[in-house]
file start19.tsv (TSV, C-alpha atoms)
chain	number	residue	atom	x	y	z
V	10	MET	CA	157.63	55.51	-0.13
V	11	GLY	CA	156.41	59.00	-1.01
V	12	LEU	CA	157.63	60.65	2.16
V	13	PHE	CA	161.08	61.40	0.79
V	14	ASN	CA	159.99	64.35	-1.32
V	15	LYS	CA	157.67	65.81	1.33
V	16	ILE	CA	159.69	65.88	4.55
V	17	LYS	CA	162.90	67.76	5.20
V	18	ALA	CA	165.84	65.40	5.44
V	19	LEU	CA	168.90	65.26	7.63
V	20	LYS	CA	171.89	64.60	5.41
V	21	VAL	CA	174.93	62.59	6.49
V	22	ARG	CA	177.43	62.55	3.64
V	23	ASP	CA	175.25	61.49	0.69
V	24	ILE	CA	172.69	59.67	2.84
V	25	ALA	CA	169.35	61.26	3.75
V	26	PHE	CA	167.30	60.48	6.85
V	27	PHE	CA	163.57	61.20	7.05
V	28	ALA	CA	160.83	60.95	9.66
V	29	ASP	CA	157.57	59.19	8.89
V	30	GLY	CA	155.10	58.00	11.51
V	31	ASP	CA	156.87	56.27	14.39
V	32	TYR	CA	160.16	55.76	12.54
V	33	PHE	CA	163.15	57.46	10.96
V	34	TYR	CA	164.25	56.02	7.61
V	35	SER	CA	167.43	56.24	5.56
V	36	LYS	CA	167.64	56.74	1.82
V	37	GLY	CA	170.86	55.76	0.07
V	38	LEU	CA	172.34	53.03	2.27
V	39	ALA	CA	170.91	50.22	0.15
V	40	THR	CA	173.78	50.68	-2.31
V	41	SER	CA	176.15	49.62	0.50
V	42	ILE	CA	174.18	47.06	2.55
V	43	GLN	CA	171.34	46.10	0.13
V	44	LYS	CA	168.74	47.58	2.50
V	45	GLU	CA	167.87	50.89	4.12
V	46	ILE	CA	167.70	51.25	7.89
V	47	LYS	CA	164.88	52.40	10.13
V	48	ILE	CA	164.91	53.51	13.75
V	49	LYS	CA	161.95	53.81	16.14
V	50	LYS	CA	161.59	57.44	17.29
V	51	TYR	CA	160.49	57.09	20.91
V	52	GLY	CA	160.46	60.86	21.31
V	53	LEU	CA	163.86	61.57	19.76
V	54	THR	CA	164.53	63.94	16.88
V	55	LEU	CA	166.85	63.47	13.93
V	56	GLU	CA	169.00	66.28	15.30
V	57	GLU	CA	169.41	64.46	18.61
V	58	LEU	CA	170.36	61.26	16.79
V	59	ASN	CA	172.78	63.11	14.50
V	60	PRO	CA	176.02	61.78	16.12
V	61	ILE	CA	174.74	58.19	16.00
V	62	LEU	CA	173.58	58.54	12.40
V	63	HIS	CA	177.02	59.89	11.47
V	64	TYR	CA	178.63	56.94	13.24
V	65	LEU	CA	176.44	54.43	11.38
V	66	VAL	CA	176.92	55.99	7.94
V	67	GLU	CA	180.68	56.31	8.36
V	68	PHE	CA	180.94	52.74	9.61
V	69	ILE	CA	178.87	51.37	6.74
V	70	GLN	CA	180.56	53.39	4.00
V	71	ASP	CA	184.13	53.19	5.28
V	72	GLU	CA	184.24	49.67	6.74
V	73	LYS	CA	181.90	48.11	4.15
V	74	PRO	CA	180.49	45.46	6.51
V	75	ASP	CA	178.45	42.54	5.20
V	76	ILE	CA	175.45	43.12	7.45
V	77	LYS	CA	173.03	40.25	7.96
V	78	SER	CA	169.88	40.09	10.06
V	79	GLY	CA	170.79	39.54	13.70
V	80	ASN	CA	174.29	41.01	13.39
V	81	LYS	CA	175.40	42.78	16.57
V	82	LEU	CA	177.42	45.97	16.18
V	83	THR	CA	179.14	48.33	18.58
V	84	CYS	CA	177.87	51.91	18.39
V	85	PHE	CA	180.36	54.06	20.28
V	86	SER	CA	180.53	51.88	23.44
V	87	TRP	CA	176.99	50.47	23.37
V	88	LEU	CA	175.56	47.46	21.48
V	89	ILE	CA	173.02	47.57	18.66
V	90	LEU	CA	171.54	44.95	16.38
V	91	ALA	CA	170.33	44.90	12.78
V	92	HIS	CA	166.92	43.20	12.53
V	93	GLU	CA	165.72	42.50	9.00
V	94	GLU	CA	162.20	43.68	8.14
V	95	GLY	CA	161.44	43.56	4.41
V	96	ASP	CA	163.49	46.23	2.64
V	97	TYR	CA	164.89	47.55	5.93
V	98	PHE	CA	167.17	46.71	8.79
V	99	GLU	CA	165.51	48.00	11.95
V	100	ILE	CA	168.17	49.12	14.41
V	101	LEU	CA	167.61	47.73	17.90
V	102	GLU	CA	169.67	48.36	21.04
V	103	ILE	CA	170.58	46.31	24.08
V	104	VAL	CA	168.47	47.29	27.10
V	105	PRO	CA	169.83	45.49	30.19
V	106	GLU	CA	166.72	45.97	32.31
V	107	LYS	CA	164.70	44.23	29.59
V	108	GLY	CA	167.22	41.40	29.27
V	109	GLY	CA	167.69	41.82	25.52
V	110	PHE	CA	167.27	44.07	22.50
V	111	ALA	CA	164.49	46.60	21.97
V	112	SER	CA	163.51	49.16	19.34
V	113	GLY	CA	164.98	52.64	19.34
V	114	LEU	CA	168.27	54.23	20.27
V	115	ASN	CA	167.34	56.11	23.45
V	116	HIS	CA	169.64	54.08	25.69
V	117	THR	CA	172.52	54.30	23.22
V	118	LEU	CA	172.14	58.07	23.01
V	119	HIS	CA	171.92	58.42	26.81
V	120	VAL	CA	175.15	56.45	27.23
V	121	LEU	CA	176.89	58.53	24.57
V	122	GLU	CA	175.75	61.82	26.08
V	123	GLN	CA	177.00	60.82	29.55
V	124	GLN	CA	180.41	59.84	28.20
V	125	LEU	CA	180.78	62.95	26.05
V	126	PHE	CA	179.82	65.17	28.99
V	127	VAL	CA	182.62	63.79	31.17
V	128	CYS	CA	185.20	64.07	28.38
V	129	ASP	CA	184.04	67.60	27.51
V	130	GLN	CA	184.36	68.65	31.16
V	131	LEU	CA	187.98	67.44	31.14
V	132	LYS	CA	188.63	68.76	27.61
V	133	VAL	CA	189.87	65.39	26.36
V	134	GLU	CA	189.02	63.45	23.22
V	135	PRO	CA	186.93	60.36	24.02
V	136	VAL	CA	188.37	56.91	23.36
V	137	PHE	CA	185.35	54.62	23.14
V	138	PRO	CA	185.90	50.96	24.02
V	139	ASP	CA	183.77	48.37	22.25
V	140	PHE	CA	180.91	46.84	24.21
V	141	ASP	CA	182.66	43.44	24.14
V	142	HIS	CA	186.19	44.63	24.96
V	143	ILE	CA	187.81	43.12	28.04
V	144	VAL	CA	187.81	44.65	31.53
V	145	MET	CA	189.82	43.25	34.45
V	146	ILE	CA	187.80	43.39	37.66
V	147	ASP	CA	188.15	42.72	41.34
V	148	PRO	CA	185.25	40.26	41.87
V	149	LEU	CA	184.18	42.29	44.91
V	150	ILE	CA	182.73	44.94	42.60
V	151	ARG	CA	179.63	42.71	42.42
V	152	SER	CA	179.13	43.31	46.16
V	153	GLY	CA	178.37	46.99	45.61
V	154	LEU	CA	181.57	48.34	47.19
V	155	PRO	CA	182.95	51.53	45.59
V	156	ALA	CA	184.61	50.55	42.30
V	157	HIS	CA	187.76	52.53	41.43
V	158	LEU	CA	188.62	52.66	37.72
V	159	PHE	CA	192.05	52.66	36.07
V	160	ARG	CA	192.59	52.74	32.30
V	161	TRP	CA	195.91	51.22	31.30
V	162	ASN	CA	197.44	51.66	27.86
V	163	ARG	CA	196.50	48.30	26.35
V	164	ALA	CA	195.83	46.98	22.85
V	165	THR	CA	192.39	45.80	21.77
V	166	PRO	CA	190.47	43.67	22.56
V	167	ASP	CA	191.61	44.77	26.02
V	168	SER	CA	189.78	48.00	26.88
V	169	GLY	CA	192.57	48.92	29.29
V	170	TRP	CA	190.09	49.29	32.14
V	171	MET	CA	190.90	47.72	35.49
V	172	VAL	CA	188.32	47.99	38.26
V	173	MET	CA	188.97	47.31	41.92
V	174	THR	CA	187.66	47.98	45.41
V	175	ASP	CA	189.57	49.05	48.51
V	176	ASN	CA	189.12	45.51	49.85
V	177	PHE	CA	191.01	43.74	47.07
V	178	ASP	CA	193.87	41.59	48.39
V	179	GLU	CA	196.44	40.70	45.73
V	180	GLU	CA	197.78	37.79	47.79
V	181	THR	CA	194.48	35.96	48.22
V	182	MET	CA	192.35	37.18	45.31
V	183	ALA	CA	192.59	37.19	41.53
V	184	PHE	CA	191.24	39.53	38.90
V	185	GLU	CA	188.49	38.29	36.58
V	186	GLU	CA	187.77	39.13	32.95
V	187	ILE	CA	184.40	40.55	31.95
V	188	THR	CA	183.33	42.80	29.07
V	189	VAL	CA	182.78	46.55	29.05
V	190	GLY	CA	179.07	45.86	28.53
V	191	GLN	CA	178.91	43.60	31.56
V	192	LEU	CA	180.67	46.19	33.71
V	193	MET	CA	178.28	48.94	32.61
V	194	THR	CA	175.36	46.64	33.40
V	195	TYR	CA	176.65	45.51	36.82
V	196	ARG	CA	177.75	49.00	37.82
V	197	PRO	CA	175.77	51.69	35.93
V	198	GLU	CA	177.71	54.48	37.67
V	199	THR	CA	180.76	53.48	35.59
V	200	VAL	CA	179.04	54.15	32.25
V	201	LYS	CA	179.92	57.83	32.01
V	202	PHE	CA	183.64	57.19	32.55
V	203	MET	CA	184.17	54.46	29.94
V	204	ALA	CA	185.30	56.81	27.14
V	205	LEU	CA	188.01	58.49	29.21
V	206	PRO	CA	191.35	58.07	27.40
V	207	TYR	CA	194.16	55.76	28.47
V	208	GLY	CA	195.97	57.03	31.54
V	209	PHE	CA	192.91	58.24	33.42
V	210	LYS	CA	191.69	56.93	36.75
V	211	VAL	CA	188.53	57.47	38.77
V	212	ILE	CA	188.77	57.17	42.55
V	213	TRP	CA	185.64	57.26	44.67
V	214	ASP	CA	185.58	59.27	47.89
V	215	GLY	CA	182.12	58.63	49.27
V	216	ASN	CA	179.75	59.81	46.54
V	217	ASP	CA	182.43	61.98	44.96
V	218	ALA	CA	184.33	60.67	41.93
V	219	LYS	CA	187.82	62.15	41.67
V	220	ILE	CA	189.21	61.95	38.12
V	221	ALA	CA	192.91	62.32	37.38
V	222	PHE	CA	195.54	61.45	34.78
V	223	ASP	CA	198.24	59.04	35.96
V	224	ASN	CA	201.24	58.73	33.66
V	225	ASN	CA	202.12	55.34	35.22
V	226	LEU	CA	199.01	53.92	33.52
V	227	MET	CA	200.53	54.69	30.13
V	228	GLU	CA	203.16	51.98	30.57
V	229	ALA	CA	202.50	49.23	28.06
call {"tool": "encode", "arguments": {"input": "start19.tsv", "output": "structure tokens"}}
result
Amino acid sequence: MGLFNKIKALKVRDIAFFADGDYFYSKGLATSIQKEIKIKKYGLTLEELNPILHYLVEFIQDEKPDIKSGNKLTCFSWLILAHEEGDYFEILEIVPEKGGFASGLNHTLHVLEQQLFVCDQLKVEPVFPDFDHIVMIDPLIRSGLPAHLFRWNRATPDSGWMVMTDNFDEETMAFEEITVGQLMTYRPETVKFMALPYGFKVIWDGNDAKIAFDNNLMEA
């Protein structure tokens, strides 16, 4: 592909990323995963995708995964998929409203930006749970009642998140296990809070989300 000597690249470590047509392409990842990657643009720039590209390069080079077509990977707290196309893995992302994976990383970037914004506002380092990490929920959250969030200090694959409504009755009801991805799909308003560190809680007061640190949540 002759584009690599004509178009300015974005460098991540020793890996270059270039734009050509509707896609961004990598150059240099084939030495690690036998193929390069490509990502559908959908209006994004390489600069906007910079944090995700850093995440992918660091994951590939440091973790040395054996990536096969159809492999699902967590990217920050969202889910992506490697789809083999010739000499490339096209990176797809889960899009709940479409019921599956689709080209591009717009949704992944939107999720990341929401989570970073909340953490930046509170001046805390984000702690991203994996998409398939466990969340304990009050089943009434599916009814649309305000869902209060509590992040306990727990070891993976438990995300630490517990979600409950004001109507939860410990004597007659039991918590259920779902994944972080399922929670973010059922209750999109929770997405931006998922990277808050252990010890934080989010309590809804009408449409106002009150965020606080609770040291009791740090008990193992």
call {"tool": "atom_distance", "arguments": {"input": "start19.tsv", "atom1": "CA of Glu186 in chain V", "atom2": "CA of Ala221 in chain V"}}
result
24.2 Å
call {"tool": "closest_residue", "arguments": {"input": "start19.tsv", "among": "V:Phe184, V:Tyr195, V:Tyr207, V:Tyr51", "to": "Pro148 in chain V", "atoms": "all atoms listed in the file"}}
result
V:Phe184
call {"tool": "residues_around", "arguments": {"input": "start19.tsv", "residues": "Val21 in chain V", "least_positions_apart": "3", "cutoff": "9 Å", "atoms": "all atoms listed in the file", "output": "VMD selection string"}}
result
chain V and resid 24 to 26 59 62 to 63 66 to 67
call {"tool": "residues_around", "arguments": {"input": "start19.tsv", "residues": "Gln123 in chain V", "least_positions_apart": "2", "cutoff": "12 Å", "atoms": "all atoms listed in the file", "output": "ChimeraX atom specification"}}
result
/V:85-86,116-121,125-130,135,197-205
call {"tool": "closest_residue", "arguments": {"input": "start19.tsv", "among": "V:Trp170, V:Trp161, V:Phe137, V:Phe177", "to": "Gly208 in chain V", "atoms": "all atoms listed in the file"}}
result
V:Trp161
call {"tool": "atom_distance", "arguments": {"input": "start19.tsv", "atom1": "CA of Thr188 in chain V", "atom2": "CA of Asp175 in chain V"}}
result
21.4 Å
